[in-house]
Structure formats: C-alpha cells, structure tokens
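Peer 1: Just so it is clear, I am handing over my_file.cif, which has mmCIF, C-alpha atoms.
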```
data_data
loop_
_atom_site.label_atom_id
_atom_site.label_comp_id
_atom_site.auth_asym_id
_atom_site.auth_seq_id
_atom_site.Cartn_x
_atom_site.Cartn_y
_atom_site.Cartn_z
CA MET A 17 -34.49 5.40 22.26
CA ALA A 18 -34.25 5.58 18.47
CA THR A 19 -32.85 9.12 18.69
CA GLU A 20 -30.08 7.97 21.02
CA ARG A 21 -29.11 5.29 18.52
CA GLU A 22 -29.17 7.85 15.69
CA ASN A 23 -27.01 10.28 17.70
CA LEU A 24 -24.46 7.55 18.39
CA GLN A 25 -24.29 6.80 14.66
CA VAL A 26 -23.93 10.48 13.68
CA GLU A 27 -21.09 11.24 16.13
CA PRO A 28 -18.66 8.59 14.80
CA ARG A 29 -19.29 9.85 11.26
CA ARG A 30 -18.55 13.41 12.35
CA ASP A 31 -15.38 12.26 14.14
CA THR A 32 -14.31 10.30 11.06
CA LEU A 33 -14.94 13.34 8.86
CA VAL A 34 -12.90 15.57 11.18
CA ASP A 35 -10.13 12.96 11.33
CA LEU A 36 -10.01 13.05 7.54
CA LEU A 37 -10.49 16.77 6.84
CA LEU A 38 -8.11 18.17 9.45
CA PRO A 39 -4.95 16.45 8.14
CA LEU A 40 -5.96 17.11 4.53
CA SER A 41 -6.48 20.82 5.20
CA LEU A 42 -3.14 21.03 7.03
CA ILE A 43 -1.36 19.32 4.14
CA LEU A 44 -3.07 21.64 1.64
CA GLY A 45 -2.05 24.67 3.70
CA LEU A 46 1.52 23.42 3.87
CA VAL A 47 1.67 22.91 0.10
CA LEU A 48 0.24 26.40 -0.48
CA LEU A 49 2.70 28.03 1.92
CA LEU A 50 5.66 26.22 0.39
CA GLY A 51 4.47 27.17 -3.09
CA LEU A 52 4.49 30.88 -2.34
CA ASN A 53 7.68 32.62 -3.32
CA VAL A 54 8.14 36.02 -1.78
CA GLY A 55 11.48 36.96 -3.24
CA GLN A 56 10.36 40.45 -4.19
CA PRO A 57 12.48 43.49 -3.46
CA GLY A 58 11.50 45.36 -0.36
CA SER A 59 10.83 42.23 1.67
CA GLU A 60 13.86 42.87 3.85
CA PRO A 61 13.17 43.72 7.50
CA VAL A 62 13.28 47.35 8.52
CA LYS A 63 15.37 48.17 11.59
CA ALA A 64 13.14 49.32 14.42
CA GLY A 65 15.77 50.91 16.61
CA PRO A 66 19.02 50.48 18.53
CA TRP A 67 17.55 47.81 20.81
CA GLU A 68 16.79 45.45 17.94
CA ASP A 69 20.28 43.92 17.77
CA TRP A 70 20.26 43.30 21.52
CA LEU A 71 16.75 41.85 21.35
CA LYS A 72 17.75 39.54 18.48
CA LEU A 73 20.67 38.28 20.56
CA VAL A 74 18.49 37.55 23.60
CA VAL A 75 15.78 35.89 21.49
CA GLY A 76 18.46 33.85 19.72
CA TYR A 77 19.66 32.50 23.07
CA LEU A 78 16.09 31.74 24.14
CA ALA A 79 15.45 29.90 20.87
CA ALA A 80 18.67 27.93 21.30
CA ALA A 81 17.61 27.05 24.85
CA ALA A 82 14.26 25.77 23.54
CA GLU A 83 16.05 23.61 20.95
CA ILE A 84 18.44 22.26 23.58
CA SER A 85 15.48 21.52 25.85
CA ALA A 86 13.79 19.59 23.02
CA ALA A 87 16.96 17.58 22.45
CA ILE A 88 17.35 16.81 26.17
CA VAL A 89 13.69 15.82 26.56
CA ILE A 90 13.67 13.58 23.48
CA GLY A 91 17.13 12.13 24.16
CA GLY A 92 16.23 11.33 27.76
CA ALA A 93 13.02 9.62 26.66
CA VAL A 94 14.88 7.55 24.09
CA LEU A 95 17.43 6.43 26.68
CA ARG A 96 14.64 5.66 29.18
CA GLY A 97 12.75 3.70 26.52
CA ILE A 98 15.83 1.68 25.59
CA ALA A 99 16.55 0.90 29.24
CA ALA A 100 12.93 -0.14 29.87
CA PHE A 101 12.96 -2.34 26.78
CA VAL A 102 16.19 -4.06 27.77
CA VAL A 103 14.78 -4.71 31.26
CA GLN A 104 11.56 -6.11 29.77
CA LEU A 105 13.52 -8.20 27.28
CA PHE A 106 15.11 -10.18 30.10
CA SER A 107 12.00 -10.46 32.28
CA PRO A 108 9.35 -13.15 31.90
CA ALA A 109 6.55 -10.55 31.75
CA GLN A 110 4.46 -10.01 28.65
CA LEU A 111 6.83 -8.38 26.17
CA LEU A 112 4.09 -7.14 23.80
CA ASP A 113 2.26 -5.12 26.47
CA ALA A 114 5.53 -3.67 27.77
CA THR A 115 6.59 -2.67 24.26
CA GLU A 116 3.27 -0.89 23.69
CA THR A 117 3.66 0.96 26.99
CA ILE A 118 7.19 2.05 26.12
CA ARG A 119 6.03 3.17 22.66
CA LEU A 120 3.19 5.25 24.10
CA GLN A 121 5.47 6.90 26.66
CA LEU A 122 7.99 7.74 23.94
CA GLY A 123 5.19 9.15 21.76
CA ARG A 124 4.04 11.48 24.55
CA VAL A 125 7.57 12.80 25.00
CA LEU A 126 8.04 13.25 21.24
CA ALA A 127 4.89 15.40 21.22
CA LEU A 128 6.42 17.53 23.99
CA GLY A 129 9.69 17.78 22.05
CA LEU A 130 7.77 18.97 18.98
CA GLU A 131 6.20 21.72 21.09
CA PHE A 132 9.65 22.88 22.18
CA THR A 133 10.86 23.01 18.57
CA VAL A 134 7.77 24.99 17.47
CA ALA A 135 8.45 27.44 20.32
CA SER A 136 12.03 27.79 19.10
CA ASP A 137 10.89 28.57 15.56
CA ILE A 138 8.39 31.13 16.80
CA LEU A 139 11.07 32.82 18.88
CA ARG A 140 13.47 33.02 15.93
CA THR A 141 10.79 34.70 13.81
CA ALA A 142 9.61 37.07 16.56
CA VAL A 143 12.05 39.93 15.95
CA ALA A 144 11.66 41.88 12.67
CA PRO A 145 10.48 39.05 10.43
CA THR A 146 10.19 39.35 6.68
CA ARG A 147 7.19 38.01 4.81
CA GLN A 148 9.29 35.03 3.75
CA ASP A 149 10.22 34.36 7.41
CA ILE A 150 6.54 34.35 8.35
CA LEU A 151 5.66 32.01 5.47
CA ASN A 152 8.50 29.67 6.44
CA LEU A 153 7.33 29.71 10.06
CA GLY A 154 3.79 28.95 8.94
CA ALA A 155 4.98 25.99 6.88
CA ILE A 156 7.10 24.66 9.75
CA VAL A 157 4.30 25.06 12.29
CA LEU A 158 1.82 23.38 9.94
CA LEU A 159 4.17 20.46 9.36
CA ARG A 160 4.89 19.99 13.04
CA THR A 161 1.20 20.37 13.90
CA LEU A 162 0.43 17.65 11.39
CA LEU A 163 3.09 15.39 12.93
CA ASN A 164 1.78 16.15 16.41
CA TYR A 165 -1.81 15.44 15.33
CA PHE A 166 -0.96 11.99 14.02
CA LEU A 167 1.24 11.27 17.03
CA GLU A 168 -1.53 12.21 19.48
CA ARG A 169 -4.02 10.17 17.49
CA GLU A 170 -1.72 7.14 17.62
CA ILE A 171 -1.25 7.61 21.38
CA ARG A 172 -5.02 7.80 21.90
CA GLN A 173 -5.55 4.63 19.89
CA GLY A 174 -2.81 2.86 21.81
CA GLU A 175 -4.31 3.90 25.14
CA GLN A 176 -7.70 2.57 24.04
CA ARG A 177 -6.10 -0.76 23.13
CA SER A 178 -4.38 -1.01 26.52
CA PRO A 179 -6.41 0.92 29.13
CA GLY A 180 -4.03 0.10 32.00
CA THR A 181 -1.18 2.13 30.48
CA PRO A 182 0.30 4.51 33.07
CA LYS A 183 0.74 8.14 32.07
CA PRO A 184 4.08 9.80 32.92
#
```
Just dump the structure as structure tokens.
Peer 2:
Amino acid sequence: MATERENLQVEPRRDTLVDLLLPLSLILGLVLLLGLNVGQPGSEPVKAGPWEDWLKLVVGYLAAAAEISAAIVIGGAVLRGIAAFVVQLFSPAQLLDATETIRLQLGRVLALGLEFTVASDILRTAVAPTRQDILNLGAIVLLRTLLNYFLEREIRQGEQRSPGTPKP
C-alpha cells in the first residue's frame, strides 16, 4: 500500500519534469539552429539530373496544396467557432461552458493546421536542399512542434476541466 502511494507521487514529478524539460530542450534547439550560419561557399545544391526541375515543380504544387489545405481547415474552424459563439451568445445556456468547448474545438483544428504547414515545409525542402535549407526546416519544425506541444497541453487541460466536451 505504501509503494502504491510512493509510485503515485513519483509519476506526477516525472510528468512535471518532462513538461518542463521538453519545451526547454525544443527552445534551446531552436536557438542553436537559428544561431548557425551556413553561408559558406559550396553550400549550393548540386543538380541531380534532368528530372529535378520537373520534380521541383510537382513538389512545389504539392506544398502549395498543403498550405491551402491548412488555410481552409483553419479558416473553416474560425468561421464555425464564430458562428457557434454567436448562437451561444443569444441562447440562455451557460456561456462559459460553451466558450470553453468552442475554444477546445478551435485548438484541435489549429493543431491540425500546424501539421499541414509542417508538411508543406518538409515538401519544399525535399528536393535538392542545401545545408541552410535543412537548418531552416529544422528551426521551423522545432518552432511549430513547440507551438503544437503547448496547444495540445492546453487542450488536454481544458478537457480535464470539462469532461463532457465532445470531440469533433
């Protein structure tokens, strides 16, 4: 019985430590990546063959499609959130609970939109990247991962506060 109590006390400490160290390590990695300057000669991409221009064009369209998808997903969620808020504003229901639900739904969609934008950045760097392109991609992915981490954490905390929140 005492060991169960000790295990329950150790796990929250470990979770708290992970919650603290993960964002700090991501921020440190981002600062290090942004601090690197790879402006040395010879860092230009080397042409692989005649198909490279065609491949860059196709990948460019795919990356643009991913960015457009992110904009559509996020824009649609914002419009849906505004409409739900306006409906709740004029209804006698509990406004605070409805606002929390709308906020959580918007947060989930923002996390999805971030995934689309990361996919777009990866696609743009996929064909003949330079070292600087890879470092820039790393910094962007770290930044968006950090944003996504805090967003997911906020969603989790909001769901714990209101357990009856429906998931989309």
Peer 1: Env of Ala87 of chain A: 12 Å cut, atoms = all atoms listed in the file, seq-sep filter 5 positions within chain, self excluded. Answer as a ChimeraX atom specification.
Peer 2: /A:80-82,92-95,125-126,128-133,136
Peer 1: Once the PyMOL selection byres ((chain A and resi 156) around 12) has been applied to the shown file, what residues remain in the selection, as a compact mmCIF listing (two decimals) with C-alpha atoms, keeping the file's coordinate frame?
Peer 2:
```
# COMPACT_ATOMS: atom_id res chain seq x y z
CA LEU A 42 -3.14 21.03 7.03
CA ILE A 43 -1.36 19.32 4.14
CA GLY A 45 -2.05 24.67 3.70
CA LEU A 46 1.52 23.42 3.87
CA VAL A 47 1.67 22.91 0.10
CA LEU A 49 2.70 28.03 1.92
CA LEU A 50 5.66 26.22 0.39
CA LEU A 130 7.77 18.97 18.98
CA GLU A 131 6.20 21.72 21.09
CA THR A 133 10.86 23.01 18.57
CA VAL A 134 7.77 24.99 17.47
CA ALA A 135 8.45 27.44 20.32
CA SER A 136 12.03 27.79 19.10
CA ASP A 137 10.89 28.57 15.56
CA ILE A 138 8.39 31.13 16.80
CA THR A 141 10.79 34.70 13.81
CA ASP A 149 10.22 34.36 7.41
CA ILE A 150 6.54 34.35 8.35
CA LEU A 151 5.66 32.01 5.47
CA ASN A 152 8.50 29.67 6.44
CA LEU A 153 7.33 29.71 10.06
CA GLY A 154 3.79 28.95 8.94
CA ALA A 155 4.98 25.99 6.88
CA VAL A 157 4.30 25.06 12.29
CA LEU A 158 1.82 23.38 9.94
CA LEU A 159 4.17 20.46 9.36
CA ARG A 160 4.89 19.99 13.04
CA THR A 161 1.20 20.37 13.90
CA LEU A 162 0.43 17.65 11.39
CA LEU A 163 3.09 15.39 12.93
```
Peer 1: Taking all atoms listed in the file into account, which of A:Arg119, A:Gln176, A:Gly91, A:Val143 comes nearest Ala79 of chain A?
Peer 2: A:Val143
Peer 1: Measuring atom to atom with only C-alpha atoms, identify which of A:Ala144, A:Val102, A:Leu167, A:Leu78 is nearest to Gln121 of chain A.
Peer 2: A:Leu167
Peer 1: Point out the residue among A:Ala114, A:Gln148, A:Leu139, A:Arg169 with the least atom-to-atom distance to Leu71 of chain A, counting all atoms listed in the file.
Peer 2: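 Of A:Ala114, A:Gln148, A:Leu139, A:Arg169, the one nearest Leu71 of chain A is A:Leu139, counting all atoms listed in the file.
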Peer 1: Take the PyMOL selection byres ((chain A and resi 118) around 9), apply it to the structure above, and return the hits as JSON, numbers by chain.
Peer 2: {"A": [96, 97, 98, 100, 101, 113, 114, 115, 116, 117, 119, 120, 121, 122, 123]}
Peer 1: In Å, rounded to a single decimal, give me how far atom CA of Val89 of chain A is from atom CA of Ile171 of chain A.
Peer 2: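 Interatomic distance here is 17.8 Å.
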Peer 1: Quote the spacing between atom CA of Tyr165 of chain A and atom CA of Ser41 of chain A in Å to one decimal place.
Peer 2: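 Here the two named atoms are 12.4 Å from each other.
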Peer 1: What is the distance, in Å and to one decimal place, between atom CA of Arg147 of chain A and atom CA of Trp67 of chain A?
Peer 2: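 Value for the atom CA of Arg147 of chain A-atom CA of Trp67 of chain A distance: 21.4 Å.
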Peer 1: Can you pull out the residues contacting Lys72 of chain A? Cut-off 9 Å, using only C-alpha atoms, and skip same-chain residues under 2 positions away; I want them as a ChimeraX atom specification.
Peer 2: /A:67-70,74-77,140,142-144
Peer 1: May I ask which of the residues A:Leu44, A:Ile90, A:Arg124, A:Pro145 is the closest one to Arg172 of chain A, counting all atoms listed in the file?
Peer 2: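 That would be A:Arg124, the residue with the smallest distance to Arg172 of chain A.
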